[in-house]
Amino acid sequence: MSQTRPSLRPEITASDLYGDYLPRSCVKCIERVQAWPWKTKLAVPSIVVALNLLLVVLLIRYVGYGSTRVVMSPGDVWLLSDNVDTTFCARQTLTSSSGNNFHAFVYSGVPPVNPQPDNFSLEYQLDIDPGKHMYWTYHLVPSYHRSNVSIRTCMIGSDILSEIDLYLIDGEDAFEHWVSDVNCGWCVKKHERYSFGSCDPDRPYKDWPALKSFDFTEGMYIAYYNPLGHLSVPVSTRFDIEKHSYATSGVPKFSCFDSTCSLDLSYHSNDVVVVKVPVSSQTANVTSETIISECVPRASTYVAFFLFLPIGVLAGLIALIICLKKINDNIIRSTENADNARVFRNIAHEESSERARLVTERELALPPRVTVALDRMQRSHRRSDPPSGLTPPPSYQDIVEPGLPERGRDESFGPPSYEDCVSK
């Protein structure tokens, strides 16, 4: 008897899913991946995730919290915020590119702003090369846009063709556009050109022509530009600046006055770093100071965020995948067992029905010898039967039952035989 098996559903291949949309080479690659063992399928994504995590760590370390440069001028005070993070940075290292000393402070929270603006003055003797510019920059405290500047300029050269341009620019974006195009109209807040003989350098600076401006909103930039392409221009200038700044007279957590400062930061705190470039004889010839700020990484944070946490997440995902695989295997096994049980029941039912049918046929289909014996017995019965219409002879019981002669116990010899009864 042939045993029937349930028909398996056809497996869906990559060609069925992507054959109409992807090139044949891509479909073959997908089919090869589908043929991988499950351990390989798990190892390859793990390696990809690990490489991506390494890339994220490098981006955060060298891009998000890499070294930055802040340009400041003498008398400027600025709150560093670009790459200062107390979670990922253990300390902040500040270095002056020119080697001049500066002040650096660490405060627990943003320091207050001086209610009264700071007033300071700067005097310079400059020699600007042909086609070049020199500039000063001052950062403004947010929400405190009241800043005034008065600049007095006098040519001190002897060349009657000498001239110099003075520009006042508001904001870093406008200054960058002006550097690329000095004729940018919208970039400039105020502009003045000075030529030979516009003032007497021997007279006090108060008699020099002054250029004043106020209400800078994003940042104060002061720039001199030499439009001549063949002649250097000597200039004498004085700045009178009034601007709000952060109060540095409080007690900081850490302070430093050097050309290189390393400031410790508390973990996950509100620590901030304030930098101040002093106005002194040391900065008499300094127009701008570049402060290089570097974040020293906090190793424990990087290990916790980019090693332990991903490993924990990966271990959880692996455990989840293994559990889901086991659940899926159990479901498939249960389904297969149910299908097999159903098939076996059908087979058993079919076998029992077939067995019953065979038994019935066996009972109905008697062997030839039994058939011959039955025929002989039936014929013998037909011969022994009396002819129709004749009274059959009495039976033994009919003769014996009416009454037997009573005899004593000693005379009793048993009932008579059939022949005796018939003869009598």
# chains A, B, ... in the order shown; residues from 1 in each chain; ligands from 1

$ residues_around --residues "Val33 of chain A" --least-positions-apart "4" --cutoff "12 Å" --atoms "only C-alpha atoms" --output "count of residues only"
14

$ residues_around --residues "His230 of chain A" --least-positions-apart "4" --cutoff "10 Å" --atoms "only C-alpha atoms" --output "VMD selection string"
chain A and resid 129 to 131 226

$ closest_residue --among "A:Ser293, A:Ser96, A:Asn101, A:Thr260" --to "Val279 of chain A" --atoms "only C-alpha atoms"
A:Asn101

$ closest_residue --among "A:Ile331, A:Ala247, A:Cys187, A:Cys154" --to "Leu211 of chain A" --atoms "only C-alpha atoms"
A:Cys154

$ residues_around --residues "segment 252-259 of chain A" --least-positions-apart "6" --cutoff "10 Å" --atoms "only C-alpha atoms" --output "PyMOL selection string"
chain A and resi 94-108+111+265+271-277+291

$ write_last_selection --atoms "N, CA, C and O atoms" --output "short mmCIF file (atom, residue, chain, number, x, y, z; two decimals), in the first residue's frame"
data_model
loop_
_atom_site.label_atom_id
_atom_site.label_comp_id
_atom_site.auth_asym_id
_atom_site.auth_seq_id
_atom_site.Cartn_x
_atom_site.Cartn_y
_atom_site.Cartn_z
N LEU A 94 43.93 74.77 26.00
CA LEU A 94 43.91 76.00 25.21
C LEU A 94 45.35 76.42 24.96
O LEU A 94 46.18 76.41 25.87
N THR A 95 45.61 76.80 23.71
CA THR A 95 46.97 77.18 23.32
C THR A 95 46.90 78.43 22.44
O THR A 95 46.06 78.52 21.54
N SER A 96 47.80 79.36 22.71
CA SER A 96 47.92 80.56 21.88
C SER A 96 48.86 80.28 20.73
O SER A 96 49.99 79.80 20.93
N SER A 97 48.38 80.53 19.51
CA SER A 97 49.22 80.25 18.33
C SER A 97 50.43 81.16 18.25
O SER A 97 51.47 80.78 17.70
N SER A 98 50.34 82.36 18.81
CA SER A 98 51.47 83.29 18.78
C SER A 98 52.37 83.18 20.00
O SER A 98 53.42 83.82 20.06
N GLY A 99 51.97 82.38 20.99
CA GLY A 99 52.78 82.21 22.19
C GLY A 99 52.56 83.25 23.24
O GLY A 99 53.26 83.27 24.26
N ASN A 100 51.60 84.16 23.06
CA ASN A 100 51.32 85.18 24.07
C ASN A 100 50.45 84.61 25.18
O ASN A 100 49.66 83.68 24.97
N ASN A 101 50.58 85.17 26.37
CA ASN A 101 49.80 84.72 27.50
C ASN A 101 48.36 85.24 27.41
O ASN A 101 48.11 86.32 26.86
N PHE A 102 47.45 84.48 27.97
CA PHE A 102 46.04 84.87 28.02
C PHE A 102 45.44 84.29 29.30
O PHE A 102 46.02 83.42 29.96
N HIS A 103 44.25 84.75 29.65
CA HIS A 103 43.53 84.27 30.82
C HIS A 103 42.51 83.21 30.39
O HIS A 103 41.84 83.36 29.35
N ALA A 104 42.40 82.18 31.23
CA ALA A 104 41.40 81.13 31.01
C ALA A 104 40.79 80.78 32.36
O ALA A 104 41.52 80.62 33.36
N PHE A 105 39.45 80.64 32.39
CA PHE A 105 38.74 80.37 33.64
C PHE A 105 37.74 79.24 33.40
O PHE A 105 37.22 79.07 32.30
N VAL A 106 37.47 78.49 34.48
CA VAL A 106 36.41 77.48 34.50
C VAL A 106 35.42 77.88 35.59
O VAL A 106 35.80 78.00 36.76
N TYR A 107 34.16 78.08 35.20
CA TYR A 107 33.10 78.46 36.13
C TYR A 107 32.04 77.37 36.16
O TYR A 107 31.81 76.66 35.16
N SER A 108 31.37 77.24 37.31
CA SER A 108 30.23 76.32 37.43
C SER A 108 28.98 77.05 36.95
O SER A 108 28.25 77.66 37.74
N PRO A 111 28.92 82.61 33.75
CA PRO A 111 29.09 83.76 34.66
C PRO A 111 28.18 84.90 34.27
O PRO A 111 27.72 85.00 33.12
N LEU A 265 37.60 69.45 33.73
CA LEU A 265 36.15 69.61 33.69
C LEU A 265 35.51 68.48 34.48
O LEU A 265 35.89 67.31 34.31
N ASP A 271 30.05 73.02 33.92
CA ASP A 271 31.28 73.80 33.80
C ASP A 271 31.38 74.45 32.43
O ASP A 271 31.07 73.83 31.40
N VAL A 272 31.83 75.71 32.43
CA VAL A 272 32.05 76.46 31.19
C VAL A 272 33.44 77.06 31.24
O VAL A 272 34.03 77.25 32.31
N VAL A 273 33.99 77.36 30.06
CA VAL A 273 35.33 77.90 29.92
C VAL A 273 35.23 79.30 29.34
O VAL A 273 34.57 79.50 28.29
N VAL A 274 35.85 80.25 30.01
CA VAL A 274 35.87 81.65 29.56
C VAL A 274 37.31 82.04 29.28
O VAL A 274 38.22 81.75 30.09
N VAL A 275 37.54 82.68 28.14
CA VAL A 275 38.88 83.09 27.72
C VAL A 275 38.88 84.62 27.59
O VAL A 275 37.93 85.22 27.06
N LYS A 276 39.97 85.20 28.07
CA LYS A 276 40.12 86.66 27.98
C LYS A 276 41.53 86.99 27.51
O LYS A 276 42.52 86.49 28.06
N VAL A 277 41.59 87.82 26.47
CA VAL A 277 42.88 88.30 25.97
C VAL A 277 43.14 89.65 26.61
O VAL A 277 42.35 90.59 26.44
N ILE A 291 43.29 81.37 19.43
CA ILE A 291 43.30 80.44 20.55
C ILE A 291 42.86 79.07 20.01
O ILE A 291 41.75 78.94 19.46
#

$ atom_distance --atom1 "atom CA of Asp264 of chain A" --atom2 "atom CA of Arg69 of chain A"
19.4 Å

$ closest_residue --among "A:Val235, A:Val313, A:Ala35, A:Ala223" --to "Thr287 of chain A" --atoms "only C-alpha atoms"
A:Ala223

$ atom_distance --atom1 "atom CA of Val71 of chain A" --atom2 "atom CA of Glu163 of chain A"
27.2 Å

$ residues_around --residues "Glu176 of chain A" --least-positions-apart "3" --cutoff "12 Å" --atoms "only C-alpha atoms" --output "VMD selection string"
chain A and resid 135 169 to 173 179 to 182 184 187 to 188 221 223
